[in-house]
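Working notes for the structure below.
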Amino acid sequence: MTSTRLVAAALAGAACISLCPVASCFAQEPARAGLTLAEFEKLHKELQPPRDEPWRTIPWHVSILAGREAAARARKPIFVWVASGEPLGCG
Amino acid sequence: MAFRATAFNDAKVVEMLRSQFVCVGIAHNGAGRRKDAEGDFARKIIGKGGTLQGLHVINTRGELIGYVYDFRPESVLAMLQRALKKFEPVDAPAIEFKEKDRHFVMPENGLVVATTAKVLAGHDPVKATRGTIQYDMETAWKSSLGREHLWVREDEAQALAGGKLPRSLELRLVRYHLVDNTRGTPTGWTEKEIKKAHLKLHDGRLTGSVHLETKDGSRGYQAELLGILEARDGKVTRFDMVVQGQFWGQGAYTPGAPRGRFPLAIAFRLLDARDPLYHLVPDAVRCYPDYLR
């Protein structure tokens, strides 16, 4: 580094120490602005499940006893989807 | 999510299930562990097909009349057709279900907030051949929405309506809902793994940032959040929030995460009590006994 650059760096450092809050100058992590309202709205919309998912058109029961009662009334067989973790929730 | 993208994405399967069957979805490690009548009946079925998971057809006595653990629509359709031929309605005594396992009961007068998580980038391109079942499954694996419910107790809902974020809710939200559940049941965070969690509710805006990381640094999430809360007549009427940041690593049941750090966003939305899945028990409830602490 040349002497001119050294002086410039020292001046910049001194200015930082004298003018900036310590945290913003020397924080380990870069400063973050946080989410903007526009980003919030865009992501919130993007992350909603599609309304037309075929599996959601099936009238699922989350309780097997409630399903059993409904099947007894309708005299229908019971289809039971069993998974590790809630199959109607989860990923 | 694989069944949703394959068998339950097939019009014939869906139509047959809608018209000919009463459909139920349960977790073998959820309903199957309940210490009540619901658990007793679930245990009659779980494992009867030969594995803990899969698609079963039973009668009201809990007798198995069909089973398949295959994602191909034609296999599922064939099983359903065989089961329909075999099925005859049977009389079965009513089951009294008054004493419920408290661990799985939704808090009275609380709130249910639906959460959806998405990996925004970082997955390798789909390698399977287009038009195959493998392609559908891999695509689903790499693009799915992780879904979960956040339960809010009555006292916490009242605090929110009054403009305060209770510590118990803040901890629950951070530990069990700021997770990557896009590929299965995620691993939550211990309190020691919360390196930073600055959440602030002011004038209806929930803002803050989090840094969550395991001791060995193999899994973590650094994110910013912004939420909008509204209340009327002492009741929360809106709970919309987005968390966005960099996630890294994977849990025991969520293999296949993108390499290195990847962007993960999570959205929260107050769920309408009329939603058919409103009463779904959060996966985190069965995983963590202290969930509602």
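Within each chain, counting starts at residue 1; across the structure tokens, chains are named A, B, ... in the order shown, with ligands numbered 1 upward in that order.
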Review point. If you run DSSP on the backbone, which residues of range 42-81 of chain A are helix (DSSP H, G or I), as a count of residues only?
Key: 20
What are the nearest atom pairs, with distances in Å to one decimal, for all residues of chain B that come at most 7 Å from chain A, using only C-alpha atoms, set out by chain and rising residue number as CSV?
```
residue,atom,partner,partner_atom,distance
B:Met1,CA,A:Gly91,CA,5.6
B:Arg4,CA,A:Trp55,CA,6.1
B:Phe8,CA,A:Trp55,CA,5.2
B:Asn9,CA,A:Pro54,CA,5.6
B:Val14,CA,A:Ile58,CA,6.7
B:Leu17,CA,A:Ile58,CA,6.9
B:Arg18,CA,A:Ile58,CA,5.4
B:Gln20,CA,A:Lys76,CA,6.6
B:Phe21,CA,A:Pro77,CA,5.4
B:Val22,CA,A:Ile78,CA,4.9
B:Cys23,CA,A:Phe79,CA,4.7
B:Val24,CA,A:His61,CA,4.6
B:Gly25,CA,A:Trp81,CA,4.7
B:Ile26,CA,A:Val82,CA,5.1
B:Ala27,CA,A:Glu86,CA,4.7
B:His28,CA,A:Ser84,CA,5.9
B:Asn29,CA,A:Ser84,CA,6.2
B:Gly30,CA,A:Gly85,CA,6.8
B:Glu38,CA,A:Leu65,CA,6.0
B:Ala42,CA,A:Ile64,CA,6.9
B:Gln53,CA,A:Ala83,CA,4.7
B:Gly54,CA,A:Val82,CA,5.4
B:Leu55,CA,A:Trp81,CA,4.7
B:His56,CA,A:Val80,CA,4.9
B:Val57,CA,A:Phe79,CA,4.5
B:Ile58,CA,A:Ile78,CA,5.2
B:Asn59,CA,A:Pro77,CA,5.3
B:Thr60,CA,A:Arg68,CA,5.6
B:Phe87,CA,A:Pro77,CA,6.7
B:Pro89,CA,A:Arg75,CA,5.6
B:Thr116,CA,A:Leu47,CA,6.2
B:Ala117,CA,A:Leu47,CA,7.0
B:Lys118,CA,A:Leu47,CA,6.9
B:Ser144,CA,A:Gly91,CA,6.5
B:Leu145,CA,A:Gly91,CA,5.9
B:Gly146,CA,A:Gly91,CA,3.8
B:Arg147,CA,A:Cys90,CA,4.9
B:Glu148,CA,A:Gly89,CA,5.7
B:Asn181,CA,A:Gly91,CA,5.6
B:Thr182,CA,A:Gly91,CA,4.5
B:Arg183,CA,A:Gly91,CA,5.3
B:Gly184,CA,A:Gly91,CA,5.0
B:Thr185,CA,A:Gly85,CA,6.3
B:Glu224,CA,A:Gly34,CA,5.5
B:Leu225,CA,A:Leu35,CA,6.4
B:Leu226,CA,A:Leu35,CA,6.1
B:Val242,CA,A:Phe40,CA,5.9
B:Ala267,CA,A:His44,CA,5.6
B:Leu277,CA,A:Val62,CA,6.9
B:His279,CA,A:Val62,CA,7.0
B:Leu280,CA,A:Val62,CA,5.8
B:Asp283,CA,A:Glu86,CA,6.2
```
Print the selection's residues with C-alpha atoms to a file, as an mmCIF file, in the first residue's frame.
```cif
data_model
loop_
_atom_site.group_PDB
_atom_site.id
_atom_site.type_symbol
_atom_site.label_atom_id
_atom_site.label_comp_id
_atom_site.auth_asym_id
_atom_site.auth_seq_id
_atom_site.Cartn_x
_atom_site.Cartn_y
_atom_site.Cartn_z
ATOM 1 C CA MET B 1 -45.820 -34.260 -0.387
ATOM 2 C CA ARG B 4 -50.054 -35.007 -3.375
ATOM 3 C CA PHE B 8 -53.644 -37.357 -5.436
ATOM 4 C CA ASN B 9 -52.908 -35.218 -8.459
ATOM 5 C CA VAL B 14 -59.436 -37.868 -6.706
ATOM 6 C CA LEU B 17 -62.003 -40.868 -3.350
ATOM 7 C CA ARG B 18 -64.453 -37.969 -3.349
ATOM 8 C CA GLN B 20 -66.909 -43.555 -3.047
ATOM 9 C CA PHE B 21 -64.930 -43.197 0.180
ATOM 10 C CA VAL B 22 -64.741 -41.272 3.422
ATOM 11 C CA CYS B 23 -61.160 -40.011 3.564
ATOM 12 C CA VAL B 24 -58.923 -39.561 6.577
ATOM 13 C CA GLY B 25 -55.281 -38.541 6.967
ATOM 14 C CA ILE B 26 -53.317 -39.447 10.100
ATOM 15 C CA ALA B 27 -49.729 -39.699 11.296
ATOM 16 C CA HIS B 28 -48.658 -43.065 12.661
ATOM 17 C CA ASN B 29 -46.477 -41.143 15.084
ATOM 18 C CA GLY B 30 -49.291 -38.677 15.848
ATOM 19 C CA GLU B 38 -58.701 -41.991 18.675
ATOM 20 C CA ALA B 42 -55.668 -45.707 14.798
ATOM 21 C CA GLN B 53 -47.131 -45.720 6.145
ATOM 22 C CA GLY B 54 -49.329 -46.060 3.088
ATOM 23 C CA LEU B 55 -52.871 -45.963 1.779
ATOM 24 C CA HIS B 56 -55.423 -48.145 3.544
ATOM 25 C CA VAL B 57 -59.074 -48.985 3.039
ATOM 26 C CA ILE B 58 -60.916 -50.214 6.121
ATOM 27 C CA ASN B 59 -64.468 -50.753 7.305
ATOM 28 C CA THR B 60 -65.978 -49.219 10.429
ATOM 29 C CA PHE B 87 -66.371 -53.874 0.809
ATOM 30 C CA PRO B 89 -70.982 -52.217 5.240
ATOM 31 C CA THR B 116 -46.054 -22.117 4.580
ATOM 32 C CA ALA B 117 -42.345 -22.361 3.878
ATOM 33 C CA LYS B 118 -40.540 -22.359 0.562
ATOM 34 C CA SER B 144 -42.986 -27.969 -2.338
ATOM 35 C CA LEU B 145 -44.497 -25.700 0.264
ATOM 36 C CA GLY B 146 -43.826 -26.814 3.818
ATOM 37 C CA ARG B 147 -47.091 -26.512 5.724
ATOM 38 C CA GLU B 148 -47.756 -26.328 9.414
ATOM 39 C CA ASN B 181 -40.215 -28.215 6.606
ATOM 40 C CA THR B 182 -40.361 -28.299 2.806
ATOM 41 C CA ARG B 183 -39.128 -31.897 2.616
ATOM 42 C CA GLY B 184 -40.713 -33.449 5.703
ATOM 43 C CA THR B 185 -40.880 -33.117 9.457
ATOM 44 C CA GLU B 224 -35.630 -10.868 8.957
ATOM 45 C CA LEU B 225 -39.338 -10.750 9.597
ATOM 46 C CA LEU B 226 -42.207 -8.396 9.024
ATOM 47 C CA VAL B 242 -43.251 -13.156 6.343
ATOM 48 C CA ALA B 267 -45.399 -16.996 5.488
ATOM 49 C CA LEU B 277 -58.035 -28.639 8.023
ATOM 50 C CA HIS B 279 -58.366 -28.886 13.483
ATOM 51 C CA LEU B 280 -55.212 -30.480 12.127
ATOM 52 C CA ASP B 283 -46.596 -31.712 13.645
#
```
Practice item. Quick one: everything within 8 Å of Val119 in chain B, counting only C-alpha atoms, minus sequence neighbours fewer than 2 positions away in the same chain. Send it as number ranges by chain. Key: B: 117, 121-122, 142-143, 180, 182, 262-265
**Study point:** Distance of CA of His149 in chain B from CA of Ile228 in chain B, expressed in Å to one decimal place
**Key:**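 CA of His149 in chain B lies at a distance of 17.8 Å from CA of Ile228 in chain B.
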Review point. So, counting only C-alpha atoms, which residue among B:Glu191, B:Asp101, B:Asp290, B:Asp272 is closest to Arg33 in chain B?
Key: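 Under the stated criterion, the closest residue is B:Asp101.
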